[in-house]
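Written out below as structure tokens is the structure these notes cover.
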2 protein chains.
Amino acid sequence: MAHPPSVEGTKLLLMRNLKIVLAYDGSDFAGWQVQPDAATIQGTLASAIGRVTGEKVLPQGSGRTDAGVHALHQVATCALESPIPAENLLKALNDVLPTSIRVLEVNEASHEFHARKSARAKTYRYRIYRGAICPPFLARYVWHHPYPLDENAMQQAATLVMGEHDFTSFAAVDPERGTEEGAVSNVRRISASSWEREGEELTYTVRGSGFLHHMVRNLVGTFILVGKGTLQPRDITRILEARNRSAAGATVPAQGLYLVSVDY
Amino acid sequence: MAHPPSVEGTKLLLMRNLKIVLAYDGSDFAGWQVQPDAATIQGTLASAIGRVTGEKVLPQGSGRTDAGVHALHQVATCALESPIPAENLLKALNDVLPTSIRVLEVNEASHEFHARKSARAKTYRYRIYRGAICPPFLARYVWHHPYPLDENAMQQAATLVMGEHDFTSFAAVDPERGTEEGAVSNVRRISASSWEREGEELTYTVRGSGFLHHMVRNLVGTFILVGKGTLQPRDITRILEARNRSAAGATVPAQGLYLVSVDY
């Protein structure tokens with residue numbers, strides 16, 4: 001006996017899949033992922049969508065960002081029944097969201113599109129302020145590190161992570177959480193990795209097929225050891241081959257890190 | 001009978017008068033002036049000096065800034081006994097102050113120098129973000145006003161406050177507080193007053209011999225009415241002549257305002 005389509009099945013077919021592009025100042029949030037007793041980006045966005053549409057949804061991000069990490073361009077997907085036009089939804093969400101989270105775009109997406117699973121590459125940036133006194137207006141947005149660094153050595157080191165590598169040495173030892181992509185392999189492909197100096201700011205930009213938990217901050221912490229002369233640039237290759245977190249440098253603070261873009 | 005110099009008198013003669021230049025993000029402070037149950041810039045600076053030198057002092061600023069107002073260059077004076085070199089004091093204060101307050105300079109000043117009484121002019125800036133979506137990283141540092149404004153009319157209006165005027169119409173009605181300079185007269189001399197557009201930012205810069213409480217924010221609120229067409233530029237002259245707060249526009253939000261410099 002053929003069953004008629006269930007109410008839920010029909011609903012899903014009628015639902016729109018929305019692609020939401022966000023920017024946020026992560027300073028006052030406990031990261032992306034919803035938590036019961038803390039303000040998170042995902043939870044705040046879900047509440048805002050609930051207030052605007054009356055629908056209880058949990059938008060899925062391209063990946064988690066940790067507490068204090070910022071985003072210039074985070075992507076989330078969300079299934080909605082509401083027929084509210086995308087442009088009106090954008091304005092309404094920005095009206096109810098705190099000013100530290102802004103919706104930059106809302107677009108209709110195909111049902112196959114998924115913010116995390118469809119992502120082909122991501123770009124992150126890490127900002128270091130090198131001057132003796134960090135301007136108070138930058139304090140939330142950079143890591144202040146005014147001590148001597150051999151920036152040329154750091155650039156040499158950065159190029160050595162280009163290509164496909166097992167990044168276990170640079171991944172948080174975090175059995176509960178697993179990798180950002182939920183996969184077992186710690187192999188990732190890095191297509192851009194470089195340092196740039198502009199005025200008192202030293203910025204690391206890295207683009208890759210995906211990133212393990214704390215990977216960018218651990219890479220930067222290791223490049224800092226190269227900058228200090230504790231490590232040589234060529235040690236990066238040895239550290240990659242060690243596949244052991246303790247071979248690499250410390251995790252640098254969250255406030256300098258930005259998710260810059262997600263490519264699909 | 002001649003009295004020998006008292007212990008206090010001798011102490012004062014031995015004290016140094018220090019000129020301290022500060023920058024601060026005022027977002028999380030209840031303004032400059034010390035208050036019993038709120039974090040203020042003056043109170044936080046006094047505590048920091050106390051921790052570093054063991055001396056209980058209350059640094060005097062060039063003027064008060066209100067809750068949420070920022071400073072790129074605020075000047076304070078402070079008498080100290082401690083022989084700690086100025087450069088060491090600067091470093092030690094920045095070590096104990098929150099990163100939202102930075103000491104930019106510490107210099108020995110003559111005993112006659114007083115941050116407020118010696119000031120000859122001050123410059124303030126007010127930043128307005130005109131784009132539809134205010135970047136989350138600017139939200140604490142600008143007033144977001146994306147609505148239509150006739151910026152040429154605002155510039156015409158701004159020039160009309162140049163020169164010497166009684167600014168009673170632009171001063172907060174605030175009997176307990178009085179004027180920023182503590183004087184009775186509300187006449188001030190304005191030597192620069194103009195709007196500048198750069199990208200999505202519209203900025204008002206004003207330089208004057210002194211400013212009454214809320215004066216810059218009330219000027220901007222009135223120029224906004226000119227920008228909207230509610231007032232004509234020439235109405236500024238009429239408002240000045242009215243010497244009545246209710247003749248002028250509303251006070252714009254604190255977060256767009258910066259003390260930019262103090263001239264001696």
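Labeling convention for the structure tokens: chains A, B, ... as they appear, residues from 1 per chain, ligands from 1 in order of appearance.
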Query - Contact residues (chain A, partner chain B, 8 Å, only C-alpha atoms) as a list in words - result: Ala23, Tyr24, Asp25, Thr99, Ser100, Ile101, Arg102, Leu104, Ile133, Cys134, Pro135, Pro136, Phe137 and Ala139 of chain A
Those residues with N, CA and C atoms, as a JSON list (two decimals), in the first residue's frame please?
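File produced: part.json:
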```
[["chain", "number", "residue", "atom", "x", "y", "z"],
["A", 23, "ALA", "N", 28.92, 38.81, 8.64],
["A", 23, "ALA", "CA", 30.19, 39.28, 9.22],
["A", 23, "ALA", "C", 29.96, 39.44, 10.70],
["A", 24, "TYR", "N", 30.97, 39.14, 11.50],
["A", 24, "TYR", "CA", 30.79, 39.38, 12.94],
["A", 24, "TYR", "C", 32.09, 39.70, 13.65],
["A", 25, "ASP", "N", 31.92, 40.51, 14.70],
["A", 25, "ASP", "CA", 32.96, 40.80, 15.67],
["A", 25, "ASP", "C", 32.78, 39.74, 16.74],
["A", 99, "THR", "N", 24.54, 44.77, 16.80],
["A", 99, "THR", "CA", 25.35, 45.39, 15.73],
["A", 99, "THR", "C", 26.68, 44.68, 15.52],
["A", 100, "SER", "N", 27.05, 43.78, 16.43],
["A", 100, "SER", "CA", 28.30, 43.02, 16.27],
["A", 100, "SER", "C", 28.13, 41.85, 15.30],
["A", 101, "ILE", "N", 26.92, 41.57, 14.86],
["A", 101, "ILE", "CA", 26.67, 40.56, 13.82],
["A", 101, "ILE", "C", 25.86, 41.25, 12.72],
["A", 102, "ARG", "N", 26.35, 41.19, 11.49],
["A", 102, "ARG", "CA", 25.62, 41.78, 10.37],
["A", 102, "ARG", "C", 25.39, 40.73, 9.29],
["A", 104, "LEU", "N", 25.14, 40.20, 5.56],
["A", 104, "LEU", "CA", 25.59, 40.96, 4.38],
["A", 104, "LEU", "C", 24.79, 40.60, 3.13],
["A", 133, "ILE", "N", 52.92, 50.35, 21.18],
["A", 133, "ILE", "CA", 51.65, 50.61, 21.86],
["A", 133, "ILE", "C", 50.52, 50.30, 20.91],
["A", 134, "CYS", "N", 49.68, 49.35, 21.28],
["A", 134, "CYS", "CA", 48.56, 48.96, 20.40],
["A", 134, "CYS", "C", 47.41, 49.95, 20.58],
["A", 135, "PRO", "N", 46.98, 50.61, 19.50],
["A", 135, "PRO", "CA", 45.86, 51.56, 19.62],
["A", 135, "PRO", "C", 44.65, 50.87, 20.25],
["A", 136, "PRO", "N", 43.96, 51.56, 21.18],
["A", 136, "PRO", "CA", 42.84, 50.93, 21.88],
["A", 136, "PRO", "C", 41.73, 50.46, 20.93],
["A", 137, "PHE", "N", 41.65, 51.09, 19.75],
["A", 137, "PHE", "CA", 40.58, 50.74, 18.80],
["A", 137, "PHE", "C", 40.91, 49.47, 18.02],
["A", 139, "ALA", "N", 42.56, 46.89, 19.78],
["A", 139, "ALA", "CA", 42.86, 45.89, 20.81],
["A", 139, "ALA", "C", 42.03, 44.62, 20.68]]
```
Requested in this report: Can you list, as number ranges by chain, all residues belonging to segment 76-225 of chain B that DSSP tags as strand (DSSP E or B)?
Outcome: B: 76-80, 101-109, 121-129, 143-144, 163-166, 187-198, 201-208
Query raised in the report: Got a sec: who's within 10 Å of Gly229 of chain A, counting only C-alpha atoms, leaving out chain neighbours fewer than 6 positions off, as a list in words?
Result: Pro148, Leu149, Asp150, Ala153, Met154 and Phe223 of chain A
